[in-house]
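See below for run.txt, which holds compact mmCIF, C-alpha atoms and all ligand atoms.
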```txt
# COMPACT_ATOMS: atom_id res chain seq x y z
CA MET A 290 0.00 0.00 0.00
CA LEU A 291 2.79 2.43 0.90
CA GLY A 292 4.75 1.95 -2.31
CA PRO A 293 2.40 3.90 -4.64
CA VAL A 294 2.14 6.78 -2.12
CA ILE A 295 5.92 7.08 -1.91
CA LEU A 296 6.20 6.88 -5.71
CA ALA A 297 3.68 9.71 -6.07
CA ALA A 298 5.74 11.72 -3.55
CA SER A 299 8.87 11.03 -5.61
CA ARG A 300 7.45 13.35 -8.36
CA SER A 301 6.29 16.09 -5.94
CA ASP A 302 8.38 19.27 -5.75
CA ARG A 303 7.00 20.06 -2.29
CA MET A 304 8.06 16.67 -0.93
CA ARG A 305 11.41 17.03 -2.69
CA ARG A 306 12.07 20.29 -0.83
CA LEU A 307 10.87 18.81 2.45
CA VAL A 308 12.89 15.58 2.29
CA SER A 309 16.01 17.03 0.66
CA GLY A 310 16.13 19.80 3.26
CA ALA A 311 15.40 17.51 6.21
CA PRO A 312 18.10 16.52 8.67
CA VAL A 313 18.25 13.13 7.03
CA THR A 314 20.80 10.90 8.65
CA LYS A 315 23.51 10.76 6.04
CA GLN A 316 23.81 7.02 6.61
CA VAL A 317 20.32 6.40 5.22
CA VAL A 318 21.03 8.09 1.90
CA ASP A 319 24.63 6.79 1.82
CA ARG A 320 23.39 3.21 1.96
CA PHE A 321 22.08 3.63 -1.60
CA ILE A 322 24.14 6.58 -2.92
CA PRO A 323 27.73 6.24 -1.68
CA GLY A 324 29.08 9.62 -2.74
CA GLU A 325 28.25 13.06 -4.06
CA THR A 326 31.37 13.84 -6.11
CA VAL A 327 33.69 12.06 -8.52
CA ASP A 328 36.43 12.23 -5.87
CA GLN A 329 34.19 10.39 -3.42
CA ILE A 330 32.97 7.75 -5.89
CA VAL A 331 36.32 6.72 -7.41
CA PRO A 332 37.45 4.87 -4.23
CA VAL A 333 34.07 3.07 -4.20
CA VAL A 334 34.68 1.96 -7.78
CA GLN A 335 38.16 0.74 -6.83
CA ASP A 336 36.84 -1.14 -3.81
CA LEU A 337 34.03 -2.92 -5.66
CA THR A 338 36.11 -3.88 -8.68
CA ALA A 339 38.86 -5.20 -6.36
CA LYS A 340 36.19 -7.56 -4.99
CA GLY A 341 35.53 -8.99 -8.46
CA LEU A 342 32.38 -6.95 -9.11
CA GLU A 343 31.60 -4.89 -12.22
CA LEU A 344 29.79 -1.56 -12.15
CA THR A 345 27.32 0.58 -13.97
CA MET A 346 27.63 4.20 -12.85
CA ASP A 347 24.68 6.57 -12.52
CA VAL A 348 24.88 10.32 -11.95
CA VAL A 349 21.65 10.86 -9.98
CA GLY A 350 19.10 13.36 -11.25
CA GLU A 351 16.04 13.48 -13.47
CA ASP A 352 13.15 15.71 -14.58
CA ILE A 353 15.30 18.79 -15.14
CA THR A 354 13.69 22.05 -16.26
CA ARG A 355 16.52 23.94 -18.05
CA PRO A 356 18.89 22.94 -20.90
CA GLU A 357 21.91 24.08 -18.81
CA GLN A 358 21.12 21.31 -16.33
CA ALA A 359 21.29 18.76 -19.16
CA ALA A 360 24.67 20.13 -20.23
CA ALA A 361 25.88 19.94 -16.61
CA ALA A 362 24.76 16.29 -16.39
CA ARG A 363 26.60 15.49 -19.62
CA ASP A 364 29.72 17.15 -18.22
CA ALA A 365 29.42 15.21 -14.95
CA TYR A 366 29.48 11.93 -16.90
CA LEU A 367 32.41 13.16 -19.01
CA GLU A 368 34.35 14.06 -15.86
CA LEU A 369 33.67 10.61 -14.40
CA ILE A 370 34.72 8.85 -17.62
CA ASP A 371 37.89 10.90 -17.71
CA ARG A 372 38.74 9.72 -14.18
CA LEU A 373 37.85 6.09 -14.98
CA LYS A 374 40.30 6.19 -17.90
CA ASP A 375 43.21 6.07 -15.44
CA LEU A 376 41.79 2.99 -13.70
CA GLU A 377 41.80 1.06 -17.01
CA LEU A 378 38.70 -0.92 -16.12
CA GLY A 379 37.27 -1.02 -19.66
CA GLU A 380 33.79 -2.53 -19.72
CA ARG A 381 34.03 -3.47 -16.03
CA ALA A 382 32.72 0.05 -15.33
CA GLU A 383 29.97 1.18 -17.72
CA MET A 384 27.50 4.10 -17.46
CA SER A 385 23.74 4.14 -16.88
CA VAL A 386 21.94 7.24 -18.07
CA LYS A 387 18.43 8.65 -17.55
CA LEU A 388 17.45 10.59 -20.65
CA SER A 389 15.24 12.90 -18.57
CA LEU A 390 18.45 14.17 -16.98
CA PHE A 391 19.74 14.89 -20.49
CA GLY A 392 16.76 17.11 -21.35
CA GLN A 393 14.31 14.62 -22.91
CA ALA A 394 11.23 16.27 -21.35
CA LEU A 395 12.09 19.84 -22.42
CA ASP A 396 10.97 21.54 -25.66
CA GLY A 397 12.74 19.74 -28.52
CA GLY A 398 13.87 17.32 -25.80
CA HIS A 399 14.31 14.24 -27.96
CA ASP A 400 16.97 15.91 -30.09
CA LEU A 401 18.49 17.69 -27.09
CA ALA A 402 18.86 14.41 -25.17
CA LEU A 403 20.39 12.72 -28.21
CA ALA A 404 22.84 15.59 -28.71
CA ASN A 405 23.84 15.48 -25.02
CA ILE A 406 24.23 11.75 -24.73
CA ARG A 407 26.25 11.20 -27.90
CA PRO A 408 29.50 12.69 -26.49
CA VAL A 409 29.07 10.51 -23.39
CA VAL A 410 28.69 7.37 -25.51
CA GLU A 411 31.72 8.41 -27.59
CA ALA A 412 33.85 9.06 -24.48
CA ALA A 413 32.77 5.74 -22.96
CA ALA A 414 33.71 3.89 -26.17
CA ALA A 415 37.11 5.63 -26.17
CA ILE A 416 37.94 4.01 -22.80
CA GLY A 417 36.59 0.61 -23.87
CA THR A 418 33.22 0.74 -22.19
CA THR A 419 29.63 1.55 -22.95
CA VAL A 420 26.36 3.19 -21.87
CA THR A 421 22.96 1.73 -20.95
CA LEU A 422 19.82 3.86 -21.27
CA ASP A 423 17.65 3.49 -18.17
CA ALA A 424 13.89 3.10 -18.59
CA GLU A 425 11.78 5.81 -16.98
CA ASP A 426 7.99 6.22 -17.02
CA HIS A 427 6.09 4.73 -19.98
CA THR A 428 5.49 8.07 -21.72
CA THR A 429 9.25 8.42 -22.35
CA LEU A 430 9.96 5.01 -23.81
CA ASP A 431 9.28 5.49 -27.54
CA SER A 432 11.78 8.34 -27.51
CA MET A 433 14.27 6.26 -25.45
CA PHE A 434 14.07 3.31 -27.87
CA ALA A 435 14.47 5.65 -30.87
CA ILE A 436 17.60 7.20 -29.28
CA HIS A 437 18.90 3.72 -28.48
CA GLU A 438 18.46 2.64 -32.10
CA GLU A 439 20.14 5.82 -33.36
CA LEU A 440 23.14 5.39 -31.03
CA ARG A 441 23.51 1.73 -31.95
CA ARG A 442 24.23 2.67 -35.58
CA ASP A 443 27.68 3.86 -34.47
CA PHE A 444 27.92 2.12 -31.07
CA PRO A 445 26.13 -1.25 -31.32
CA GLU A 446 27.02 -2.17 -27.73
CA THR A 447 24.83 0.65 -26.32
CA GLY A 448 22.30 -0.99 -23.99
CA CYS A 449 18.78 -0.23 -22.85
CA VAL A 450 16.39 -1.22 -20.08
CA ILE A 451 12.96 -2.85 -20.34
CA GLN A 452 10.40 -3.22 -17.53
CA SER A 453 8.36 -6.38 -16.99
CA TYR A 454 5.40 -4.49 -15.44
CA LEU A 455 4.52 -2.92 -18.83
CA PHE A 456 2.21 -4.77 -21.24
CA ARG A 457 4.32 -3.56 -24.19
CA THR A 458 7.55 -5.14 -22.97
CA GLU A 459 7.22 -8.66 -24.41
CA ALA A 460 7.02 -7.13 -27.90
CA ASP A 461 9.98 -4.82 -27.15
CA ALA A 462 11.99 -7.82 -25.91
CA ARG A 463 11.33 -9.77 -29.12
CA ARG A 464 12.52 -6.87 -31.26
CA LEU A 465 15.62 -6.21 -29.13
CA ALA A 466 16.55 -9.89 -28.72
CA ALA A 467 16.42 -10.37 -32.49
CA ASN A 468 18.76 -7.49 -33.23
CA GLY A 469 21.46 -8.42 -30.77
CA SER A 470 21.14 -5.68 -28.16
CA ARG A 471 22.45 -5.53 -24.62
CA VAL A 472 19.19 -5.46 -22.64
CA ARG A 473 18.69 -5.05 -18.90
CA LEU A 474 15.40 -6.52 -17.72
CA VAL A 475 13.93 -5.05 -14.51
CA LYS A 476 10.48 -5.21 -12.91
CA GLY A 477 9.95 -1.42 -13.12
CA ALA A 478 10.12 1.28 -10.48
CA TYR A 479 7.59 3.98 -11.50
CA LYS A 480 3.92 4.48 -10.69
CA GLU A 481 2.15 3.30 -13.84
CA PRO A 482 -1.62 3.17 -14.56
CA ALA A 483 -3.54 -0.11 -15.01
CA SER A 484 -4.10 0.83 -18.68
CA VAL A 485 -0.42 0.16 -19.47
CA ALA A 486 1.02 -1.97 -16.64
CA TYR A 487 0.37 -4.98 -14.43
CA GLN A 488 -0.43 -3.90 -10.88
CA HIS A 489 0.19 -7.12 -8.94
CA LYS A 490 3.54 -8.57 -7.97
CA SER A 491 2.61 -12.08 -9.16
CA GLN A 492 1.69 -10.77 -12.65
CA ILE A 493 4.88 -8.69 -12.84
CA ASP A 494 7.02 -11.66 -11.78
CA ARG A 495 5.34 -14.00 -14.28
CA ALA A 496 5.89 -11.44 -17.05
CA TYR A 497 9.54 -11.15 -15.96
CA VAL A 498 10.02 -14.89 -16.52
CA ARG A 499 8.28 -14.82 -19.94
CA ILE A 500 10.47 -11.91 -21.06
CA LEU A 501 13.64 -13.43 -19.66
CA ARG A 502 12.91 -16.57 -21.67
CA ILE A 503 12.74 -14.44 -24.84
CA LEU A 504 16.01 -12.66 -24.03
CA MET A 505 17.92 -15.81 -23.06
CA ALA A 506 16.78 -17.63 -26.21
CA GLY A 507 17.57 -14.61 -28.40
CA GLU A 508 20.68 -13.18 -30.01
CA GLY A 509 21.37 -10.36 -27.56
CA TYR A 510 23.18 -9.99 -24.27
CA PRO A 511 20.70 -10.28 -21.36
CA MET A 512 21.35 -8.32 -18.17
CA VAL A 513 19.23 -9.67 -15.33
CA GLY A 514 18.43 -6.65 -13.13
CA SER A 515 16.78 -8.00 -9.98
CA HIS A 516 17.41 -8.86 -6.32
CA ASP A 517 14.63 -11.45 -6.31
CA PRO A 518 16.20 -14.83 -5.36
CA ARG A 519 13.53 -16.82 -7.22
CA LEU A 520 14.09 -14.89 -10.46
CA ILE A 521 17.85 -15.21 -10.12
CA SER A 522 17.59 -19.02 -9.92
CA ILE A 523 15.20 -19.07 -12.87
CA ALA A 524 17.62 -16.90 -14.87
CA GLN A 525 20.46 -19.33 -14.16
CA GLU A 526 18.31 -22.24 -15.33
CA LEU A 527 17.14 -20.43 -18.49
CA ALA A 528 20.72 -19.47 -19.34
CA ARG A 529 21.80 -23.11 -18.91
CA ARG A 530 18.97 -24.36 -21.15
CA ALA A 531 19.85 -21.74 -23.78
CA GLY A 532 23.45 -22.98 -23.72
CA ARG A 533 24.79 -19.60 -22.62
CA LYS A 534 28.25 -19.48 -21.08
CA PRO A 535 28.87 -17.32 -17.95
CA ASP A 536 30.16 -14.42 -20.07
CA GLU A 537 27.08 -14.45 -22.32
CA TYR A 538 24.74 -12.82 -19.79
CA GLU A 539 25.10 -11.04 -16.46
CA PHE A 540 23.36 -10.21 -13.21
CA GLN A 541 22.87 -6.65 -12.02
CA MET A 542 21.82 -5.33 -8.60
CA LEU A 543 21.68 -1.94 -6.95
CA TYR A 544 24.42 -0.70 -4.64
CA GLY A 545 23.39 -1.25 -1.01
CA ILE A 546 20.80 -3.95 -1.68
CA ARG A 547 21.62 -7.62 -0.97
CA SER A 548 25.36 -6.88 -1.08
CA ASP A 549 26.24 -10.41 0.15
CA GLU A 550 24.43 -11.78 -2.86
CA HIS A 551 26.58 -9.60 -5.18
CA LEU A 552 29.69 -11.26 -3.78
CA ARG A 553 28.18 -14.76 -3.74
CA LEU A 554 27.21 -14.63 -7.42
CA ALA A 555 30.61 -13.18 -8.41
CA ALA A 556 32.39 -15.89 -6.41
CA GLU A 557 30.34 -18.53 -8.27
CA GLY A 558 31.83 -17.20 -11.52
CA HIS A 559 28.90 -15.07 -12.67
CA ARG A 560 29.32 -11.59 -14.09
CA MET A 561 27.80 -9.39 -11.40
CA ARG A 562 27.38 -5.68 -12.08
CA VAL A 563 26.48 -3.23 -9.32
CA TYR A 564 24.43 -0.18 -10.26
CA THR A 565 26.22 2.57 -8.34
CA ALA A 566 24.55 5.96 -8.12
CA PHE A 567 26.28 9.13 -7.00
CA GLY A 568 25.67 12.89 -6.99
CA THR A 569 23.71 15.50 -5.09
CA ASP A 570 20.28 15.29 -6.75
CA TRP A 571 19.45 11.99 -5.08
CA TYR A 572 15.80 12.61 -4.17
CA GLY A 573 13.99 10.67 -6.95
CA TYR A 574 16.39 7.72 -6.84
CA PHE A 575 16.22 7.54 -3.04
CA MET A 576 12.42 7.68 -2.93
CA ARG A 577 12.11 4.80 -5.43
CA ARG A 578 14.35 2.70 -3.15
CA LEU A 579 12.07 3.54 -0.21
CA ALA A 580 8.99 2.59 -2.24
CA GLU A 581 10.43 -0.82 -3.10
CA LYS A 582 10.71 -1.83 0.52
CA PRO A 583 8.51 -0.20 3.20
CA ALA A 584 11.00 -1.31 5.92
CA ASN A 585 13.42 1.25 4.40
CA LEU A 586 10.85 3.96 5.01
CA ARG A 587 10.46 3.00 8.68
CA PHE A 588 14.25 3.16 9.09
CA PHE A 589 14.35 6.53 7.32
CA VAL A 590 11.54 8.05 9.43
CA ARG A 591 13.11 6.73 12.65
CA SER A 592 16.45 8.29 11.71
CA MET A 593 14.74 11.67 11.14
CA ILE A 594 12.99 11.52 14.51
CA THR A 595 16.02 10.43 16.50
CA LYS A 596 18.30 13.00 14.88
P1 LIG B 1 11.52 -7.18 -5.53
O1 LIG B 1 10.46 -8.23 -5.49
O2 LIG B 1 11.07 -5.76 -5.41
O3 LIG B 1 12.61 -7.43 -4.42
C1 LIG B 1 13.17 -8.70 -4.16
C2 LIG B 1 13.93 -8.61 -2.85
O4 LIG B 1 15.05 -7.74 -3.00
C3 LIG B 1 13.12 -7.98 -1.71
O5 LIG B 1 12.36 -8.96 -1.03
C4 LIG B 1 14.20 -7.38 -0.86
O6 LIG B 1 14.81 -8.35 -0.08
C5 LIG B 1 15.20 -6.90 -1.87
N1 LIG B 1 14.96 -5.49 -2.26
C6 LIG B 1 14.44 -5.03 -3.42
N2 LIG B 1 14.41 -3.68 -3.44
C7 LIG B 1 14.91 -3.28 -2.24
C8 LIG B 1 15.16 -2.02 -1.65
N3 LIG B 1 14.89 -0.85 -2.29
N4 LIG B 1 15.69 -1.98 -0.40
C9 LIG B 1 16.00 -3.11 0.27
N5 LIG B 1 15.80 -4.36 -0.25
C10 LIG B 1 15.26 -4.44 -1.48
N6 LIG B 1 13.70 0.36 -12.69
C11 LIG B 1 13.25 1.10 -13.71
O7 LIG B 1 12.04 1.38 -13.80
N7 LIG B 1 14.12 1.55 -14.67
C12 LIG B 1 15.44 1.25 -14.66
O8 LIG B 1 16.17 1.67 -15.55
C13 LIG B 1 15.94 0.45 -13.58
N8 LIG B 1 17.24 0.10 -13.52
C14 LIG B 1 17.63 -0.81 -12.58
C15 LIG B 1 18.93 -1.31 -12.61
C16 LIG B 1 19.29 -2.34 -11.77
C17 LIG B 1 20.68 -2.90 -11.84
C18 LIG B 1 18.33 -2.88 -10.84
C19 LIG B 1 18.69 -4.02 -9.93
C20 LIG B 1 17.09 -2.34 -10.76
C21 LIG B 1 16.71 -1.31 -11.61
N9 LIG B 1 15.43 -0.77 -11.57
C22 LIG B 1 15.00 0.03 -12.60
C23 LIG B 1 14.55 -1.01 -10.38
C24 LIG B 1 13.62 -2.19 -10.61
O9 LIG B 1 12.63 -1.85 -11.55
C25 LIG B 1 12.95 -2.62 -9.29
O10 LIG B 1 12.18 -1.56 -8.79
C26 LIG B 1 13.91 -3.06 -8.22
O11 LIG B 1 14.97 -3.80 -8.75
C27 LIG B 1 13.18 -3.98 -7.19
O12 LIG B 1 12.72 -5.13 -7.82
P2 LIG B 1 13.39 -6.59 -7.63
O13 LIG B 1 13.49 -7.22 -8.97
O14 LIG B 1 14.63 -6.49 -6.89
O15 LIG B 1 12.29 -7.42 -6.88
```
Could you show the structure in this file as structure tokens?
Amino acid sequence: MLGPVILAASRSDRMRRLVSGAPVTKQVVDRFIPGETVDQIVPVVQDLTAKGLELTMDVVGEDITRPEQAAAARDAYLELIDRLKDLELGERAEMSVKLSLFGQALDGGHDLALANIRPVVEAAAAIGTTVTLDAEDHTTLDSMFAIHEELRRDFPETGCVIQSYLFRTEADARRLAANGSRVRLVKGAYKEPASVAYQHKSQIDRAYVRILRILMAGEGYPMVGSHDPRLISIAQELARRAGRKPDEYEFQMLYGIRSDEHLRLAAEGHRMRVYTAFGTDWYGYFMRRLAEKPANLRFFVRSMITK
């Protein structure tokens, strides 16, 4: 019940001001977002990769209102990529990007987002890595897929995300699996209406398995984005049946969630990529993490009261 309320609050400017300005215990936010600057995040990258994990890096932020903010986001990714160059991690540290942070929702936003993301994809390719386009709410997806297709003309390894809660996603998976994309499958983290998305966990999970079957049997590179132990076992079984070797798919989880499982899967010889968010505009990302697990909200509220 709480999840949809928190998700609605995640798009509210009033709540954003209230929560962002609150004396939030730093520990609560740090659990999911382990740094605000490139200087703070580089040691985290070094620590995780030393443990045999791979990363996908996210500069937090979304729903910007001015083109200068999109340019600043682009520059933040370029600064990060420049620093990663010295670590020589190649594809062990890739980027995840929200197109709304690159201006997608502004006037002429589709072209603006494409113009802003291209230099990031080019810079990533120059250090031997790549970019994955995150999936946001359903109204943004046609534009996201069009930008993905455009980028893949020059950078075929550019990835994208699909969400099992949306009715459209099985068809998207068939198209993407047939053309050899890198595709991250997640359940979906936004508040979506019943006209476009399943509303019940059991339906979303069943759709996840159907879509995973399509991706594993297809010609692309599946990225299994979930912390759900049942879906992780099913993914391993589907990969085995499809004859995929350990380097022909990967698992992905969020920084701060089921961290023991990250290490366990990596130790078993799986590719395990940790989605690691950093930056100052953490509100939307943080609220979605609270919505996914109400126990996080109780912890958060307690920390505000006891401060
Ligand atoms: P759930 O059934 O929600 O969770 C399974 C178990 O994992 C829970 O029982 C709990 O133990 C643990 N868990 C899950 N979430 C939390 C949490 N916040 N705090 C503590 N424990 C938790 N969504 C998008 O819409 N677009 C994206 O681009 C996107 N990218 C993602 C990238 C990665 C690598 C991952 C892992 C997720 C991404 N998501 C994205 C979020 C996703 O849609 C889900 O909201 C999120 O992963 C929770 O679903 P789950 O599959 O882990 O299953």
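For the atom pair formed by CA of Asp371 in chain A and atom C11 of ligand LIG 1 (chain B), the distance is 26.8 Å, given to one decimal.
Shortest atom-to-atom contact with Ile500 in chain A among A:Gly469, A:Tyr479, A:Ser522, A:Asp461: A:Asp461, counting only C-alpha atoms.
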Environment of ligand LIG 1 (chain B) within 9 Å, counting all atoms listed in the file, reported as a PyMOL selection string: chain A and resi 321+345+385-387+421-426+449-454+473-479+490+494+497+512-520+540-547+562-565+575-585
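What separates CA of Glu383 in chain A from CA of Ala462 in chain A is a distance of 21.7 Å.
Residue nearest Phe588 in chain A within the list A:Pro445, A:Arg530, A:Ala402, A:Arg320: A:Arg320 [criterion: smallest interatomic distance, all atoms listed in the file].
If you look at CA of Ala556 in chain A and CA of Asp347 in chain A, they are 24.5 Å away from each other.
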Find the nearest atom pair between each residue of range 339-377 of chain A and range 328-331 of chain A for residues within 10 Å, count all atoms listed in the file, give distances in Å to one decimal, sort rows by chain and ascending number, and present the table as a Markdown table.
```
| residue | atom | partner | partner_atom | distance |
| --- | --- | --- | --- | --- |
| A:Met346 | CA | A:Ile330 | CA | 9.5 |
| A:Leu369 | CA | A:Val331 | CA | 8.4 |
| A:Arg372 | CA | A:Val331 | CA | 7.8 |
| A:Leu373 | CA | A:Val331 | CA | 7.7 |
| A:Leu376 | CA | A:Val331 | CA | 9.1 |
```
I want to know what sits within 12 Å of Met505 in chain A, based on all atoms listed in the file, with residues of the same chain fewer than 6 positions away left out; could you give that as an mmCIF file with C-alpha atoms, in the frame of the given file?
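Output saved as part38.cif:
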```cif
data_model
loop_
_atom_site.group_PDB
_atom_site.id
_atom_site.type_symbol
_atom_site.label_atom_id
_atom_site.label_comp_id
_atom_site.auth_asym_id
_atom_site.auth_seq_id
_atom_site.Cartn_x
_atom_site.Cartn_y
_atom_site.Cartn_z
ATOM 1 C CA ALA A 462 11.990 -7.820 -25.910
ATOM 2 C CA ARG A 463 11.330 -9.770 -29.120
ATOM 3 C CA LEU A 465 15.620 -6.210 -29.130
ATOM 4 C CA ALA A 466 16.550 -9.890 -28.720
ATOM 5 C CA ALA A 467 16.420 -10.370 -32.490
ATOM 6 C CA GLY A 469 21.460 -8.420 -30.770
ATOM 7 C CA SER A 470 21.140 -5.680 -28.160
ATOM 8 C CA ARG A 471 22.450 -5.530 -24.620
ATOM 9 C CA VAL A 472 19.190 -5.460 -22.640
ATOM 10 C CA ARG A 473 18.690 -5.050 -18.900
ATOM 11 C CA LEU A 474 15.400 -6.520 -17.720
ATOM 12 C CA TYR A 497 9.540 -11.150 -15.960
ATOM 13 C CA VAL A 498 10.020 -14.890 -16.520
ATOM 14 C CA ARG A 499 8.280 -14.820 -19.940
ATOM 15 C CA PRO A 511 20.700 -10.280 -21.360
ATOM 16 C CA MET A 512 21.350 -8.320 -18.170
ATOM 17 C CA VAL A 513 19.230 -9.670 -15.330
ATOM 18 C CA ILE A 523 15.200 -19.070 -12.870
ATOM 19 C CA ALA A 524 17.620 -16.900 -14.870
ATOM 20 C CA GLN A 525 20.460 -19.330 -14.160
ATOM 21 C CA GLU A 526 18.310 -22.240 -15.330
ATOM 22 C CA LEU A 527 17.140 -20.430 -18.490
ATOM 23 C CA ALA A 528 20.720 -19.470 -19.340
ATOM 24 C CA ARG A 529 21.800 -23.110 -18.910
ATOM 25 C CA ARG A 530 18.970 -24.360 -21.150
ATOM 26 C CA ALA A 531 19.850 -21.740 -23.780
ATOM 27 C CA GLY A 532 23.450 -22.980 -23.720
ATOM 28 C CA ARG A 533 24.790 -19.600 -22.620
ATOM 29 C CA LYS A 534 28.250 -19.480 -21.080
ATOM 30 C CA GLU A 537 27.080 -14.450 -22.320
ATOM 31 C CA TYR A 538 24.740 -12.820 -19.790
ATOM 32 C CA GLU A 539 25.100 -11.040 -16.460
#
```
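Proximity of A:Gly310, A:Pro293, A:Gly341, A:Gly324 to Leu552 in chain A, computed with only C-alpha atoms, is greatest for A:Gly341.
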Contacts of Met304 in chain A within 12 Å, all atoms listed in the file, excl. fewer than 4 positions in-chain, as a list in words: Val294, Ile295, Leu296, Ala297, Ala298, Ser299, Arg300, Val308, Ser309, Gly310, Ala311, Tyr572, Gly573 and Met576 of chain A
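Nearest to Val349 in chain A of all the residues A:Ala555, A:Leu501, A:Ala362, A:Met433 is A:Ala362, counting only C-alpha atoms.
Considering the residues A:Ala365, A:Leu378, A:Leu440, A:Leu390 and counting all atoms listed in the file, Asp352 in chain A has its shortest atom-to-atom contact with A:Leu390.
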Starting from 4 Å padding per side, set up an axis-aligned box that covers all listed atoms of range 500-514 of chain A and hand over centre and edge lengths in Å, one decimal, as JSON.
```
{"center_x": 16.8, "center_y": -12.1, "center_z": -21.6, "size_x": 20.7, "size_y": 19.0, "size_z": 24.9}
```
